[in-house]
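**Q** Mind having a look at this structure? Questions to follow.
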Amino acid sequence: MSKTALVPEVDFDAAGAQYGFLRLFHSVHRSAYGYIPIPIVVIRNGTGPTALFLSGTHGDEYEGQVALCNLARTLKPEAIQGRVILLPAANLPAAIAGTRTSPIDAGNLNRLFPGDAQGSVTEQIAYYIEHELVARADMVVDLHSGGSSLHYVPSALIGQDDEIPDRQARLVAALKAFAAPIGYVGHSQPGQGAGRTTSGAAQRAGKLALGSELGGSGAVTTAALRIAERGLRNILAHMGITDAHTAEPGPTRILDVGGPAYFVYAPGTGLFEPLVEPGDTVSAGQPAARIHTPETPWAPAETVHFARDGFVLCKRVPGRTMRGDCLFHLGTDLNW
Ligand code: CA
């Protein structure tokens, strides 16, 4: 098997705090021998488990990037037992552009695992994360949000994973430890990249993975940021990397996000009028949205309905929409 072409400036086994870059060599017109500098922080003290925290997997999801910038400056080796690896701008070109996908190769990092050591820029990043970072971690937390096109009730999430005995229980324990107001269990949906996400990478390596959907709308709120930062502190305490007394537990309502009936898609192209908001509770058959055509305002609007009862977890942000865009998705209570 080919090996990564990325060169880390940090030593994963050294004690103390290290700040540097993963050098991803990328020869282009303006820089023949240049590299893309993907920032990485490694904090290590004594022996103990390894936590890997990522953000900027999607470049337009900012809450996690802010949380990891704050953590990168404040987390000190003497406060931990074990190792914490931070990758705050995992898809750096996308993070700098403020876009979901990379402006270099259009790569969606969270759909490209396990990556390719000799592939495109984004495939090389995926390969490095899976084979060099996830491989070193006991727990992977990938901080996402709704990005530019979606807005979530701030949530943490886990996948469904009962292949290894006790794994689902350990994932649920981590989800509860994170203490977001909502925690949900995602089942792989068509288009949501089963196996090609960081969570898929963690599962292949037998590691625990937690995600988040912290808000979105291409912006940061103080409330979402607080949930993210408390969640990260709680995970470090839950893993025994920091003292248990630094945890700030809180209740988490656990929801299931099941099959296609949980999702509402635009039935046509036009202007999206939402009829409910995130946080609302809806019933099967209830109108979810109307799609208008302002160019012929007298034409009937197309109405789309919820296919099942549930809690509105996520809503589309932009007003203009096309057939096939996800407008809402629901969750239903799990008694876990
Ligand atoms: Ca995302």
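Residue names in the structure tokens use chain letters A, B, ... in the order shown, residue numbers from 1 in each chain, and ligand numbers from 1 in the order shown.
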Counting only C-alpha atoms and all ligand atoms, which protein, DNA or RNA residues come within 10 Å of ligand 1, given as a PyMOL selection string?
**A** chain A and resi 55-61+100+108-110+142-148+150+192+197+211-214+216
**Q** Going by DSSP on the backbone, which residues of segment 91-286 of chain A come out as strand (DSSP E or B)? List them as a ChimeraX atom specification.
**A** /A:139-144,150-152,155-159,182-186,208-213,216,253-257,263-265,270-274,281-282
**Q** Go ahead and compute the interatomic distance for atom CA of His292 of chain A and atom CA of Phe272 of chain A, in Å to one decimal.
**A**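 Interatomic distance, atom CA of His292 of chain A to atom CA of Phe272 of chain A: 6.7 Å.
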**Q** Determine, counting only C-alpha atoms, which protein, DNA and RNA residues have an atom within 7 Å of an atom of Thr332 of chain A; residues of the same chain fewer than 3 positions away are not included. Present the result as number ranges by chain.
**A** A: 255-257, 310-311
**Q** Which polymer residues have any atom within 6 Å of an atom of Arg83 of chain A, counting only C-alpha atoms, with same-chain residues fewer than 5 positions away left out, as a PyMOL selection string?
**A** chain A and resi 43-44+50
**Q** Quick check for you: according to DSSP on this backbone, which residues of segment 57-143 of chain A are classed as helix (DSSP H, G or I)? Reply as a count of residues only.
**A** 40
**Q** Closest to Pro8 of chain A among A:Ile104, A:Leu225, A:Val42, A:Ala194, using only C-alpha atoms?
**A**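 Looking at the shortest contact to Pro8 of chain A, the residue is A:Val42.
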**Q** From the options A:Leu75, A:Glu132, A:Gly46, A:Leu87, which residue's atoms come nearest to Gly20 of chain A, counting only C-alpha atoms?
**A**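 Among the listed residues, A:Leu87 lies closest to Gly20 of chain A.
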**Q** Find the distance between atom CA of Ser217 of chain A and atom CA of Thr293 of chain A and write it in Å to one decimal.
**A** 23.5 Å
**Q** One decimal, Å: what's the distance from atom CA of Val317 of chain A over to atom CA of Glu273 of chain A, could you say?
**A**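 Separation of atom CA of Val317 of chain A and atom CA of Glu273 of chain A: 10.5 Å.
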**Q** Just the residues within 12 Å of segment 301-308 of chain A, please, counting only C-alpha atoms, with nothing from its chain fewer than 3 positions along; format it as a ChimeraX atom specification.
**A** /A:257-276,281-298,311-312,323,326-332
**Q** Excluding same-chain residues fewer than 6 positions from segment 34-38 of chain A, what lies within 7 Å of it counting only C-alpha atoms, as a list in words?
**A**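 What passes the distance filter is Phe21, Leu22, Arg23, Leu24, Phe25, His26, Ser27, Ala89, Ala90 and Leu92 of chain A.
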**Q** Let me see the file: selected residues, all heavy atoms, as a compact mmCIF listing (two decimals), in the first residue's frame.
**A**
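The result, written out as again_25.txt:
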# COMPACT_ATOMS: atom_id res chain seq x y z
N PHE A 21 2.34 22.41 11.07
CA PHE A 21 1.53 22.18 9.87
C PHE A 21 1.78 20.79 9.32
O PHE A 21 2.87 20.23 9.47
CB PHE A 21 1.88 23.22 8.80
CG PHE A 21 1.64 24.63 9.26
CD1 PHE A 21 2.69 25.40 9.75
CD2 PHE A 21 0.36 25.17 9.24
CE1 PHE A 21 2.47 26.70 10.21
CE2 PHE A 21 0.12 26.46 9.69
CZ PHE A 21 1.18 27.24 10.18
N LEU A 22 0.76 20.25 8.68
CA LEU A 22 0.95 19.10 7.80
C LEU A 22 1.24 19.70 6.43
O LEU A 22 0.45 20.51 5.94
CB LEU A 22 -0.34 18.27 7.73
CG LEU A 22 -0.92 17.78 9.05
CD1 LEU A 22 -2.29 17.12 8.81
CD2 LEU A 22 0.03 16.79 9.72
N ARG A 23 2.35 19.36 5.86
CA ARG A 23 2.71 19.92 4.55
C ARG A 23 2.18 19.01 3.44
O ARG A 23 2.62 17.87 3.31
CB ARG A 23 4.23 20.05 4.42
CG ARG A 23 4.82 20.98 5.44
CD ARG A 23 6.31 21.13 5.24
NE ARG A 23 6.87 22.09 6.20
CZ ARG A 23 8.06 22.64 6.08
NH1 ARG A 23 8.85 22.30 5.07
NH2 ARG A 23 8.49 23.50 6.98
N LEU A 24 1.23 19.56 2.69
CA LEU A 24 0.67 18.82 1.55
C LEU A 24 1.22 19.48 0.30
O LEU A 24 0.79 20.57 -0.09
CB LEU A 24 -0.86 18.88 1.60
CG LEU A 24 -1.65 17.93 0.70
CD1 LEU A 24 -3.12 17.93 1.09
CD2 LEU A 24 -1.51 18.19 -0.78
N PHE A 25 2.19 18.85 -0.30
CA PHE A 25 2.89 19.47 -1.43
C PHE A 25 1.96 19.55 -2.64
O PHE A 25 1.27 18.60 -2.98
CB PHE A 25 4.19 18.72 -1.74
CG PHE A 25 5.20 19.01 -0.67
CD1 PHE A 25 5.29 18.22 0.47
CD2 PHE A 25 5.99 20.16 -0.75
CE1 PHE A 25 6.18 18.54 1.48
CE2 PHE A 25 6.87 20.47 0.26
CZ PHE A 25 6.97 19.66 1.39
N HIS A 26 1.92 20.76 -3.22
CA HIS A 26 0.96 21.05 -4.28
C HIS A 26 1.63 22.01 -5.24
O HIS A 26 1.77 23.20 -4.94
CB HIS A 26 -0.30 21.67 -3.64
CG HIS A 26 -1.40 21.90 -4.61
ND1 HIS A 26 -1.89 20.91 -5.45
CD2 HIS A 26 -2.15 23.00 -4.87
CE1 HIS A 26 -2.88 21.40 -6.17
NE2 HIS A 26 -3.05 22.66 -5.85
N SER A 27 2.08 21.48 -6.36
CA SER A 27 2.85 22.27 -7.33
C SER A 27 1.90 22.97 -8.29
O SER A 27 1.18 22.32 -9.06
CB SER A 27 3.79 21.33 -8.09
OG SER A 27 4.51 22.06 -9.06
N ALA A 89 -8.73 23.05 10.84
CA ALA A 89 -9.10 23.40 9.46
C ALA A 89 -8.74 22.21 8.58
O ALA A 89 -7.84 22.26 7.74
CB ALA A 89 -8.38 24.66 9.00
N ALA A 90 -9.46 21.10 8.79
CA ALA A 90 -9.09 19.83 8.17
C ALA A 90 -9.00 19.96 6.65
O ALA A 90 -8.04 19.50 6.05
CB ALA A 90 -10.09 18.74 8.56
N LEU A 92 -8.26 22.62 4.67
CA LEU A 92 -7.80 24.02 4.73
C LEU A 92 -8.23 24.87 3.53
O LEU A 92 -8.72 25.98 3.72
CB LEU A 92 -6.28 24.08 4.92
CG LEU A 92 -5.75 25.53 5.05
CD1 LEU A 92 -6.08 26.10 6.42
CD2 LEU A 92 -4.27 25.60 4.77
**Q** Give the answer as one residue: which of A:Ala177, A:Ala106, A:Val28, A:Ala94 has the shortest atom-to-atom distance to Pro251 of chain A, using only C-alpha atoms?
**A**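 When distances to Pro251 of chain A are compared using only C-alpha atoms, the smallest one comes from A:Ala177.
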**Q** Which of these residues is nearest to Ala14 of chain A, using only C-alpha atoms: A:Pro39, A:Pro77, A:Glu63, A:Gly107?
**A**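 Of the candidates, the smallest distance to Ala14 of chain A is held by A:Pro77.
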**Q** Could you list, as a list of chain:residue names, every residue within 12 Å of His131 of chain A, counting only C-alpha atoms and ignoring same-chain residues fewer than 2 positions away?
**A**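 Here the answer would be A:Met1, A:Ser2, A:Lys3, A:Thr4, A:Ala5, A:Leu6, A:Phe113, A:Pro114, A:Gly115, A:Asp116, A:Ala117, A:Gln124, A:Ile125, A:Ala126, A:Tyr127, A:Tyr128, A:Ile129, A:Leu133, A:Val134, A:Ala135, A:Arg136, A:Ala137, A:Thr198, A:Ala201, A:Ala202, A:Arg204, A:Ala205.
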**Q** Could you save those same residues with C-alpha atoms as a PDB file, in the first residue's frame?
**A**
ATOM      1  CA  MET A   1       0.000   0.000   0.000  1.00  0.00           C
ATOM      2  CA  SER A   2       1.260   3.486  -0.831  1.00  0.00           C
ATOM      3  CA  LYS A   3       2.066   5.822   2.041  1.00  0.00           C
ATOM      4  CA  THR A   4       0.960   9.348   2.710  1.00  0.00           C
ATOM      5  CA  ALA A   5       2.779  12.132   0.865  1.00  0.00           C
ATOM      6  CA  LEU A   6       1.948  14.627   3.620  1.00  0.00           C
ATOM      7  CA  PHE A 113     -12.649   8.557   3.092  1.00  0.00           C
ATOM      8  CA  PRO A 114     -10.629   6.344   3.112  1.00  0.00           C
ATOM      9  CA  GLY A 115      -8.910   8.719   0.685  1.00  0.00           C
ATOM     10  CA  ASP A 116      -6.019   8.108  -1.652  1.00  0.00           C
ATOM     11  CA  ALA A 117      -2.351   8.702  -0.784  1.00  0.00           C
ATOM     12  CA  GLN A 124      -4.722  13.038   0.218  1.00  0.00           C
ATOM     13  CA  ILE A 125      -6.115  14.856   3.270  1.00  0.00           C
ATOM     14  CA  ALA A 126      -8.710  12.107   3.783  1.00  0.00           C
ATOM     15  CA  TYR A 127      -6.008   9.448   3.503  1.00  0.00           C
ATOM     16  CA  TYR A 128      -3.819  11.198   6.072  1.00  0.00           C
ATOM     17  CA  ILE A 129      -6.671  11.676   8.543  1.00  0.00           C
ATOM     18  CA  LEU A 133      -4.677  10.512  12.784  1.00  0.00           C
ATOM     19  CA  VAL A 134      -7.703   8.261  13.324  1.00  0.00           C
ATOM     20  CA  ALA A 135      -5.241   5.378  13.611  1.00  0.00           C
ATOM     21  CA  ARG A 136      -3.632   7.113  16.627  1.00  0.00           C
ATOM     22  CA  ALA A 137      -6.923   8.091  18.306  1.00  0.00           C
ATOM     23  CA  THR A 198     -14.826  10.532   9.343  1.00  0.00           C
ATOM     24  CA  ALA A 201     -13.002   6.010   8.999  1.00  0.00           C
ATOM     25  CA  ALA A 202     -13.324   5.612  12.780  1.00  0.00           C
ATOM     26  CA  ARG A 204     -13.105   0.847  10.082  1.00  0.00           C
ATOM     27  CA  ALA A 205     -10.385   1.393  12.672  1.00  0.00           C
TER      28      ALA A 205
END
